[in-house]
file final_36.cif (mmCIF, C-alpha atoms and all ligand atoms)
data_coords
#
loop_
_atom_site.label_atom_id
_atom_site.label_comp_id
_atom_site.auth_asym_id
_atom_site.auth_seq_id
_atom_site.Cartn_x
_atom_site.Cartn_y
_atom_site.Cartn_z
CA MET A 1 98.62 97.24 163.97
CA ALA A 2 99.67 93.67 164.69
CA SER A 3 98.32 93.82 168.24
CA GLU A 4 94.82 94.75 167.08
CA VAL A 5 92.70 91.72 166.38
CA CYS A 6 91.35 91.74 162.83
CA GLN A 7 87.58 92.18 162.67
CA VAL A 8 87.29 90.06 159.55
CA CYS A 9 89.18 86.91 160.53
CA GLY A 10 89.52 87.30 164.28
CA GLY A 11 93.30 87.08 163.94
CA THR A 12 93.43 83.65 162.30
CA GLY A 13 94.66 85.08 159.00
CA TRP A 14 91.98 83.11 157.12
CA ARG A 15 88.41 83.90 156.29
CA ILE A 16 85.64 81.68 155.06
CA ILE A 17 84.26 82.55 151.68
CA GLU A 18 81.42 81.03 149.75
CA ARG A 19 81.66 80.65 146.00
CA ASP A 20 78.93 78.93 143.97
CA GLY A 21 77.51 77.47 147.15
CA ILE A 22 80.79 75.90 148.18
CA SER A 23 82.64 77.35 151.11
CA GLY A 24 86.39 77.51 151.42
CA ALA A 25 89.13 79.38 153.19
CA GLU A 26 90.96 82.35 151.75
CA ARG A 27 93.89 84.39 153.07
CA CYS A 28 92.57 87.43 154.90
CA ARG A 29 93.73 90.84 153.76
CA CYS A 30 95.27 91.47 157.17
CA SER A 31 97.72 88.59 156.81
CA GLN A 32 98.77 89.83 153.38
CA ALA A 33 99.50 93.23 154.87
CA GLU A 34 101.35 91.58 157.73
CA ARG A 35 103.46 89.52 155.32
CA SER A 36 104.29 92.51 153.19
CA ARG A 37 105.38 94.49 156.28
CA GLU A 38 107.57 91.59 157.33
CA LEU A 39 109.07 91.33 153.84
CA GLN A 40 109.77 95.08 153.83
CA SER A 41 111.59 94.89 157.13
CA ARG A 42 113.76 91.97 155.99
CA SER A 43 114.56 93.51 152.60
CA LYS A 44 117.60 95.55 153.79
CA ILE A 45 116.46 98.62 151.87
CA PRO A 46 118.72 101.47 153.08
CA PRO A 47 116.95 104.18 155.14
CA LEU A 48 117.62 106.82 152.46
CA TYR A 49 115.41 104.90 150.05
CA ALA A 50 112.87 103.54 152.53
CA ASN A 51 110.10 105.67 151.05
CA ALA A 52 111.19 105.70 147.42
CA SER A 53 108.17 105.10 145.23
CA LEU A 54 106.93 105.69 141.72
CA GLU A 55 104.53 108.30 143.12
CA ASN A 56 107.28 110.46 144.60
CA PHE A 57 109.52 110.21 141.54
CA ARG A 58 109.31 113.67 139.96
CA LEU A 59 109.47 114.51 136.29
CA PRO A 60 111.39 117.65 135.27
CA ARG A 61 108.58 120.02 134.25
CA ASP A 62 111.13 122.62 133.14
CA ASN A 63 112.62 120.41 130.43
CA PRO A 64 110.05 118.89 128.01
CA ALA A 65 112.49 116.51 126.32
CA ALA A 66 113.79 115.15 129.64
CA GLU A 67 110.24 115.01 130.99
CA LEU A 68 109.13 112.86 128.07
CA ALA A 69 112.13 110.55 128.28
CA LEU A 70 111.91 110.11 132.05
CA GLY A 71 108.15 109.64 131.74
CA GLN A 72 108.81 106.67 129.46
CA VAL A 73 111.28 105.25 131.96
CA LEU A 74 108.66 105.59 134.69
CA THR A 75 106.06 103.84 132.53
CA THR A 76 108.44 100.94 131.83
CA VAL A 77 109.27 100.48 135.50
CA ARG A 78 105.59 100.73 136.44
CA SER A 79 104.52 98.05 133.96
CA TYR A 80 107.41 95.79 135.03
CA ALA A 81 106.24 95.98 138.64
CA ARG A 82 102.57 95.67 137.76
CA GLU A 83 102.96 92.67 135.46
CA PHE A 84 105.54 90.82 137.55
CA PRO A 85 105.97 87.83 137.53
CA ALA A 86 104.08 87.31 134.27
CA LEU A 87 106.90 88.74 132.18
CA GLU A 88 108.99 87.51 129.31
CA LYS A 89 112.10 88.77 131.09
CA PRO A 90 112.09 88.54 134.88
CA GLY A 91 114.66 91.29 135.40
CA LEU A 92 115.18 95.01 135.08
CA LEU A 93 118.51 96.71 134.32
CA LEU A 94 118.66 100.47 134.91
CA MET A 95 121.61 102.18 133.25
CA GLY A 96 122.66 105.80 133.51
CA GLU A 97 124.69 108.62 134.97
CA PRO A 98 125.03 109.31 138.73
CA GLY A 99 122.06 110.87 140.47
CA THR A 100 119.53 110.20 137.73
CA GLY A 101 117.23 108.16 139.96
CA LYS A 102 118.23 104.57 139.17
CA THR A 103 118.38 103.34 142.75
CA HIS A 104 115.20 105.26 143.57
CA LEU A 105 113.30 103.52 140.76
CA ALA A 106 114.85 100.12 141.47
CA VAL A 107 113.77 100.32 145.12
CA ALA A 108 110.32 101.60 144.12
CA ALA A 109 109.88 98.52 141.91
CA LEU A 110 111.22 96.21 144.60
CA ARG A 111 108.81 97.66 147.16
CA ILE A 112 105.86 96.97 144.86
CA LEU A 113 106.99 93.34 144.50
CA LEU A 114 107.34 93.03 148.29
CA GLY A 115 103.80 94.38 148.53
CA LYS A 116 102.70 91.55 146.24
CA GLY A 117 104.22 89.04 148.65
CA PHE A 118 107.52 88.27 146.90
CA GLU A 119 110.65 88.01 148.98
CA GLY A 120 113.27 90.54 147.96
CA MET A 121 116.65 91.78 149.06
CA PHE A 122 118.51 95.00 148.43
CA SER A 123 122.22 94.53 148.08
CA ASP A 124 124.95 96.95 147.34
CA TYR A 125 127.26 95.29 144.81
CA GLN A 126 130.50 96.23 146.54
CA ASN A 127 129.18 95.30 149.94
CA LEU A 128 127.82 91.99 148.68
CA LEU A 129 131.18 91.02 147.17
CA ASP A 130 132.97 92.01 150.39
CA ARG A 131 130.59 89.87 152.42
CA ILE A 132 130.95 86.91 150.10
CA ARG A 133 134.72 87.20 150.31
CA THR A 134 134.81 87.37 154.12
CA GLY A 135 132.32 84.49 154.12
CA TYR A 136 135.14 82.24 152.88
CA ASP A 137 137.16 83.07 155.96
CA PRO A 138 136.63 80.30 158.53
CA ASN A 139 136.46 82.91 161.30
CA SER A 140 133.71 84.95 159.70
CA GLY A 141 130.20 85.24 161.08
CA SER A 142 127.35 83.16 159.74
CA SER A 143 125.63 86.16 158.16
CA ASP A 144 128.56 86.61 155.78
CA LYS A 145 128.52 82.91 154.96
CA GLU A 146 124.86 83.22 154.01
CA ALA A 147 125.41 86.24 151.76
CA TYR A 148 126.27 84.18 148.69
CA ARG A 149 123.41 81.69 149.10
CA GLU A 150 120.99 84.54 149.68
CA ALA A 151 122.14 86.33 146.53
CA LEU A 152 121.54 83.13 144.56
CA ASP A 153 118.26 82.11 146.08
CA VAL A 154 116.22 85.12 147.15
CA GLU A 155 113.13 85.53 144.94
CA VAL A 156 114.03 89.05 143.86
CA LEU A 157 117.58 90.40 144.11
CA LEU A 158 118.26 94.11 143.79
CA LEU A 159 121.91 94.52 142.84
CA ASP A 160 122.73 98.18 143.25
CA ASP A 161 125.67 99.78 141.44
CA LEU A 162 126.64 96.72 139.47
CA GLY A 163 130.25 96.84 138.34
CA ALA A 164 131.36 99.51 140.82
CA HIS A 165 134.46 97.55 141.72
CA ARG A 166 137.79 96.86 140.17
CA VAL A 167 137.92 93.66 138.17
CA THR A 168 139.70 90.64 139.45
CA ASP A 169 139.13 87.10 138.24
CA TRP A 170 137.51 86.35 141.56
CA VAL A 171 134.99 89.17 141.19
CA GLU A 172 134.22 88.24 137.60
CA ASP A 173 133.66 84.59 138.51
CA THR A 174 131.46 85.43 141.48
CA VAL A 175 129.31 87.89 139.58
CA THR A 176 129.01 85.52 136.62
CA SER A 177 127.96 82.68 138.87
CA ILE A 178 125.28 84.75 140.62
CA ILE A 179 123.90 86.06 137.35
CA THR A 180 124.10 82.67 135.62
CA HIS A 181 122.36 80.91 138.47
CA ARG A 182 119.58 83.50 138.59
CA CYS A 183 119.23 83.47 134.80
CA ASN A 184 119.05 79.67 134.62
CA HIS A 185 116.42 79.58 137.34
CA LYS A 186 114.48 82.50 135.86
CA LYS A 187 114.88 84.43 139.10
CA ALA A 188 114.28 88.14 139.12
CA LEU A 189 117.20 90.55 139.20
CA ILE A 190 116.82 94.29 139.40
CA ALA A 191 120.18 95.93 138.76
CA THR A 192 121.45 99.49 138.49
CA THR A 193 124.73 100.59 136.92
CA ASN A 194 126.76 103.62 135.82
CA LEU A 195 128.55 101.53 133.24
CA VAL A 196 127.85 102.08 129.56
CA ASP A 197 127.06 99.66 126.79
CA ALA A 198 126.76 100.42 123.10
CA ASP A 199 124.06 97.78 122.66
CA ALA A 200 121.94 99.48 125.31
CA GLY A 201 122.11 102.74 123.40
CA SER A 202 124.77 104.44 125.53
CA THR A 203 127.33 106.70 123.93
CA VAL A 204 130.55 104.88 124.61
CA SER A 205 133.15 107.61 124.69
CA GLN A 206 136.88 107.07 125.08
CA GLY A 207 137.98 106.13 128.53
CA ARG A 208 134.54 105.04 129.76
CA THR A 209 134.42 101.58 131.25
CA THR A 210 131.84 99.36 129.65
CA LEU A 211 129.58 96.84 131.31
CA GLY A 212 131.30 93.98 129.49
CA GLU A 213 134.75 95.11 130.62
CA ARG A 214 133.67 95.24 134.23
CA VAL A 215 131.48 92.19 134.73
CA GLY A 216 132.77 90.02 131.87
CA MET A 217 131.12 89.15 128.59
CA ARG A 218 129.35 86.06 129.96
CA ALA A 219 127.56 87.96 132.72
CA ARG A 220 126.77 90.81 130.33
CA SER A 221 125.21 88.43 127.82
CA ARG A 222 122.99 86.89 130.47
CA LEU A 223 121.97 90.27 131.86
CA PHE A 224 120.63 91.23 128.45
CA GLU A 225 118.86 87.90 128.16
CA MET A 226 117.09 88.15 131.50
CA CYS A 227 116.52 91.88 131.93
CA LYS A 228 114.41 94.57 130.40
CA VAL A 229 117.04 97.26 129.82
CA VAL A 230 116.11 100.81 130.77
CA ARG A 231 118.49 103.63 129.96
CA MET A 232 118.12 106.89 131.88
CA SER A 233 118.48 109.32 129.02
CA THR A 234 118.73 112.41 131.18
CA ALA A 235 122.15 113.26 132.55
CA GLU A 236 120.90 115.74 135.13
CA ASP A 237 122.02 114.85 138.63
CA TYR A 238 119.00 115.09 140.94
CA ARG A 239 121.25 115.33 144.00
CA ILE A 240 122.77 118.54 142.63
CA LYS A 241 119.51 119.87 141.20
CA ARG A 242 117.80 119.47 144.58
CA VAL A 243 120.20 121.87 146.32
CA ARG A 244 120.06 124.50 143.58
N1 LIG A 301 113.10 112.17 139.61
C1 LIG A 301 113.28 112.12 140.93
N2 LIG A 301 112.29 112.45 141.78
C2 LIG A 301 112.48 112.43 143.10
N3 LIG A 301 113.63 112.07 143.70
C3 LIG A 301 114.64 111.71 142.92
C4 LIG A 301 114.52 111.71 141.50
N4 LIG A 301 115.72 111.30 140.98
C5 LIG A 301 116.52 111.08 142.02
N5 LIG A 301 115.89 111.33 143.19
C6 LIG A 301 116.48 111.26 144.51
O1 LIG A 301 117.80 111.76 144.39
C7 LIG A 301 118.74 110.95 145.06
C8 LIG A 301 119.70 110.33 144.05
O2 LIG A 301 119.00 109.41 143.21
P1 LIG A 301 119.48 107.90 143.06
O3 LIG A 301 120.21 107.50 144.27
O4 LIG A 301 118.29 107.07 142.69
O5 LIG A 301 120.46 108.08 141.83
P2 LIG A 301 121.31 106.96 141.06
O6 LIG A 301 120.95 107.10 139.63
O7 LIG A 301 121.11 105.65 141.69
O8 LIG A 301 122.80 107.50 141.27
P3 LIG A 301 124.19 106.67 141.40
O9 LIG A 301 124.55 106.24 140.00
O10 LIG A 301 125.13 107.68 141.93
O11 LIG A 301 123.96 105.53 142.31
C9 LIG A 301 117.93 109.93 145.84
O12 LIG A 301 117.69 110.44 147.14
C10 LIG A 301 116.62 109.85 145.06
O13 LIG A 301 115.54 109.48 145.91
MG MG A 302 122.39 104.42 142.74
ZN ZN A 303 92.15 89.30 159.10
#
call {"tool": "encode", "arguments": {"input": "final_36.cif", "output": "structure tokens"}}
result
Amino acid sequence: MASEVCQVCGGTGWRIIERDGISGAERCRCSQAERSRELQSRSKIPPLYANASLENFRLPRDNPAAELALGQVLTTVRSYAREFPALEKPGLLLMGEPGTGKTHLAVAALRILLGKGFEGMFSDYQNLLDRIRTGYDPNSGSSDKEAYREALDVEVLLLDDLGAHRVTDWVEDTVTSIITHRCNHKKALIATTNLVDADAGSTVSQGRTTLGERVGMRARSRLFEMCKVVRMSTAEDYRIKRVR
């Protein structure tokens, strides 16, 4: 694609338009497509989710109650992506059981935002913390040193599997500082988690770790402030269902 010269702009990326008798330059469609391809390739979306979209997210036709509930989830995610960034809350927090499609939907939303020209990064929570930690080691590579800055500054951060890590003060401080920084700067955060929270409508049964316990009450409070919370009400694991 990139090697073909665009018929509209001749490869300059700009085209002349005339509006009310005044001519000006406007970004050509081809450069928007080029930018969105570049953003996709830098986004670190794992290969398994490279094609995840709202269109290929299936609703369970065999279970009307689950179909309705998941349909509402899909609608919420779709309007978040469509309206972004003109939103009251810049973030999205997907909560639910394993295999219910949280990462799929989070990536689908992220890919729409990349298509709109926003810069976004997928990061696995555990992996991000590991990279930040090795980044403090003077012998570590520069990419690990950048991990923390990137998590603070990227326009849209997808934090996958938030809280999937044992708690140490270091982890709590790091997560709080990332979330606080992003919240203060009104930067988008799309997060997924298996953790439960009574205020998000989860049933908090004995022995289940809560969001607050894992990430700390300060980070939890900010997550609710900056994110539209979406709870996956179905508990059916799509990974298991698929092989049945
Ligand atoms: N409704 C669905 N339609 C199509 N594919 C789905 C659907 N739900 C899940 N999948 C697929 O099933 C797999 C598991 O889903 P996903 O990884 O999004 O689950 P998850 O909720 O993030 O689970 P975990 O909590 O274990 O991270 C993925 O390959 C995903 O693309
Ligand atoms: Mg997941
Ligand atoms: Zn062009």
call {"tool": "residues_near_ligand", "arguments": {"input": "final_36.cif", "ligand": "ligand MG 302 (chain A)", "cutoff": "8 Å", "atoms": "only C-alpha atoms and all ligand atoms", "output": "list in words"}}
result
Pro98, Gly99, Gly101, Lys102, Thr103, His104, Asp160, Asp161, Thr192 and Thr193 of chain A
call {"tool": "axis_aligned_box", "arguments": {"input": "final_36.cif", "around": "ligand LIG 301 (chain A)", "padding_each_side": "5 Å", "output": "JSON"}}
result
{"center_x": 118.7, "center_y": 109.0, "center_z": 143.4, "size_x": 22.8, "size_y": 16.9, "size_z": 17.5}
call {"tool": "residues_around", "arguments": {"input": "final_36.cif", "residues": "range 221-230 of chain A", "least_positions_apart": "5", "cutoff": "8 Å", "atoms": "only C-alpha atoms", "output": "ChimeraX atom specification"}}
result
/A:73,76,89-95,179-180,183,186,189-190,200
call {"tool": "atom_distance", "arguments": {"input": "final_36.cif", "atom1": "CA of Arg133 in chain A", "atom2": "CA of Val175 in chain A"}}
result
12.0 Å
call {"tool": "residues_around", "arguments": {"input": "final_36.cif", "residues": "range 54-61 of chain A", "least_positions_apart": "2", "cutoff": "7 Å", "atoms": "all atoms listed in the file", "output": "ChimeraX atom specification"}}
result
/A:52,63-64,66-67,70-71,105,108
call {"tool": "atom_distance", "arguments": {"input": "final_36.cif", "atom1": "CA of His185 in chain A", "atom2": "CA of Glu150 in chain A"}}
result
14.1 Å
call {"tool": "closest_residue", "arguments": {"input": "final_36.cif", "among": "A:Leu87, A:Ala164, A:Leu110, A:Cys28", "to": "ligand LIG 301 (chain A)", "atoms": "all atoms listed in the file"}}
result
A:Ala164
call {"tool": "closest_atom_pairs", "arguments": {"input": "final_36.cif", "of": "chain A", "to": "ligand ZN 303 (chain A)", "cutoff": "6 Å", "atoms": "all atoms listed in the file", "output": "Markdown table"}}
result
| residue | atom | partner | partner_atom | distance |
| --- | --- | --- | --- | --- |
| A:Cys6 | CA | A:ZN303 | ZN | 4.5 |
| A:Val8 | CA | A:ZN303 | ZN | 4.9 |
| A:Cys9 | CA | A:ZN303 | ZN | 4.1 |
| A:Gly11 | CA | A:ZN303 | ZN | 5.4 |
| A:Gly13 | CA | A:ZN303 | ZN | 4.9 |
| A:Cys28 | CA | A:ZN303 | ZN | 4.6 |
| A:Arg29 | CA | A:ZN303 | ZN | 5.8 |
| A:Cys30 | CA | A:ZN303 | ZN | 4.3 |
call {"tool": "closest_residue", "arguments": {"input": "final_36.cif", "among": "A:Glu97, A:Glu119, A:Glu172, A:Glu236", "to": "ligand LIG 301 (chain A)", "atoms": "all atoms listed in the file"}}
result
A:Glu97
call {"tool": "atom_distance", "arguments": {"input": "final_36.cif", "atom1": "CA of Pro46 in chain A", "atom2": "CA of Arg208 in chain A"}}
result
28.4 Å
call {"tool": "closest_residue", "arguments": {"input": "final_36.cif", "among": "A:Asp124, A:Asp153, A:Asp169, A:Asp144", "to": "ligand LIG 301 (chain A)", "atoms": "only C-alpha atoms and all ligand atoms"}}
result
A:Asp124
call {"tool": "closest_residue", "arguments": {"input": "final_36.cif", "among": "A:Ser233, A:Thr176, A:Asn194, A:Thr12", "to": "ligand LIG 301 (chain A)", "atoms": "only C-alpha atoms and all ligand atoms"}}
result
A:Asn194
call {"tool": "closest_residue", "arguments": {"input": "final_36.cif", "among": "A:Leu39, A:Lys116, A:Glu155, A:Glu146", "to": "Ala188 in chain A", "atoms": "all atoms listed in the file"}}
result
A:Glu155
call {"tool": "residues_around", "arguments": {"input": "final_36.cif", "residues": "Leu152 in chain A", "least_positions_apart": "2", "cutoff": "9 Å", "atoms": "only C-alpha atoms", "output": "PyMOL selection string"}}
result
chain A and resi 147-150+154-155+157+177-179+181-182+187
call {"tool": "closest_residue", "arguments": {"input": "final_36.cif", "among": "A:Ser43, A:Ala106, A:Tyr80, A:Ser205", "to": "ligand LIG 301 (chain A)", "atoms": "only C-alpha atoms and all ligand atoms"}}
result
A:Ala106
call {"tool": "build_atoms", "arguments": {"input": "final_36.cif", "residues": "range 79-108 of chain A", "atoms": "N, CA and C atoms", "output": "short mmCIF file (atom, residue, chain, number, x, y, z; two decimals), in the coordinates of the input"}}
result
data_model
loop_
_atom_site.label_atom_id
_atom_site.label_comp_id
_atom_site.auth_asym_id
_atom_site.auth_seq_id
_atom_site.Cartn_x
_atom_site.Cartn_y
_atom_site.Cartn_z
N SER A 79 105.13 99.26 134.53
CA SER A 79 104.52 98.05 133.96
C SER A 79 105.31 96.80 134.37
N TYR A 80 106.62 96.94 134.52
CA TYR A 80 107.41 95.79 135.03
C TYR A 80 106.86 95.35 136.39
N ALA A 81 106.69 96.31 137.29
CA ALA A 81 106.24 95.98 138.64
C ALA A 81 104.80 95.46 138.65
N ARG A 82 103.98 96.05 137.79
CA ARG A 82 102.57 95.67 137.76
C ARG A 82 102.41 94.25 137.20
N GLU A 83 103.14 93.96 136.12
CA GLU A 83 102.96 92.67 135.46
C GLU A 83 103.74 91.52 136.11
N PHE A 84 104.72 91.85 136.90
CA PHE A 84 105.54 90.82 137.55
C PHE A 84 104.65 89.82 138.29
N PRO A 85 104.88 88.51 138.22
CA PRO A 85 105.97 87.83 137.53
C PRO A 85 105.62 87.33 136.11
N ALA A 86 104.47 87.75 135.61
CA ALA A 86 104.08 87.31 134.27
C ALA A 86 104.79 88.13 133.20
N LEU A 87 106.09 87.95 133.10
CA LEU A 87 106.90 88.74 132.18
C LEU A 87 107.77 87.82 131.35
N GLU A 88 108.09 88.28 130.16
CA GLU A 88 108.99 87.51 129.31
C GLU A 88 110.39 87.49 129.94
N LYS A 89 110.82 88.67 130.41
CA LYS A 89 112.10 88.77 131.09
C LYS A 89 111.86 89.12 132.55
N PRO A 90 112.40 88.31 133.47
CA PRO A 90 112.09 88.54 134.88
C PRO A 90 112.86 89.69 135.53
N GLY A 91 113.81 90.28 134.78
CA GLY A 91 114.66 91.29 135.40
C GLY A 91 114.53 92.68 134.80
N LEU A 92 115.17 93.61 135.49
CA LEU A 92 115.18 95.01 135.08
C LEU A 92 116.60 95.53 135.26
N LEU A 93 117.16 96.15 134.23
CA LEU A 93 118.51 96.71 134.32
C LEU A 93 118.43 98.20 134.03
N LEU A 94 118.72 99.02 135.06
CA LEU A 94 118.66 100.47 134.91
C LEU A 94 120.06 101.02 134.71
N MET A 95 120.27 101.67 133.56
CA MET A 95 121.61 102.18 133.25
C MET A 95 121.58 103.69 133.14
N GLY A 96 122.61 104.35 133.67
CA GLY A 96 122.66 105.80 133.51
C GLY A 96 123.65 106.48 134.42
N GLU A 97 123.72 107.79 134.24
CA GLU A 97 124.69 108.62 134.97
C GLU A 97 124.32 108.74 136.45
N PRO A 98 125.30 109.15 137.28
CA PRO A 98 125.03 109.31 138.73
C PRO A 98 123.90 110.29 139.01
N GLY A 99 123.09 109.96 140.00
CA GLY A 99 122.06 110.87 140.47
C GLY A 99 120.84 110.99 139.59
N THR A 100 120.68 110.09 138.63
CA THR A 100 119.53 110.20 137.73
C THR A 100 118.30 109.42 138.21
N GLY A 101 118.40 108.80 139.38
CA GLY A 101 117.23 108.16 139.96
C GLY A 101 117.15 106.65 139.76
N LYS A 102 118.25 106.02 139.41
CA LYS A 102 118.23 104.57 139.17
C LYS A 102 117.91 103.77 140.43
N THR A 103 118.62 104.09 141.51
CA THR A 103 118.38 103.34 142.75
C THR A 103 116.98 103.63 143.28
N HIS A 104 116.56 104.88 143.16
CA HIS A 104 115.20 105.26 143.57
C HIS A 104 114.16 104.38 142.86
N LEU A 105 114.27 104.30 141.54
CA LEU A 105 113.30 103.52 140.76
C LEU A 105 113.41 102.02 141.03
N ALA A 106 114.65 101.55 141.21
CA ALA A 106 114.85 100.12 141.47
C ALA A 106 114.19 99.74 142.81
N VAL A 107 114.38 100.59 143.81
CA VAL A 107 113.77 100.32 145.12
C VAL A 107 112.25 100.44 145.02
N ALA A 108 111.78 101.44 144.28
CA ALA A 108 110.32 101.60 144.12
C ALA A 108 109.71 100.33 143.53
#
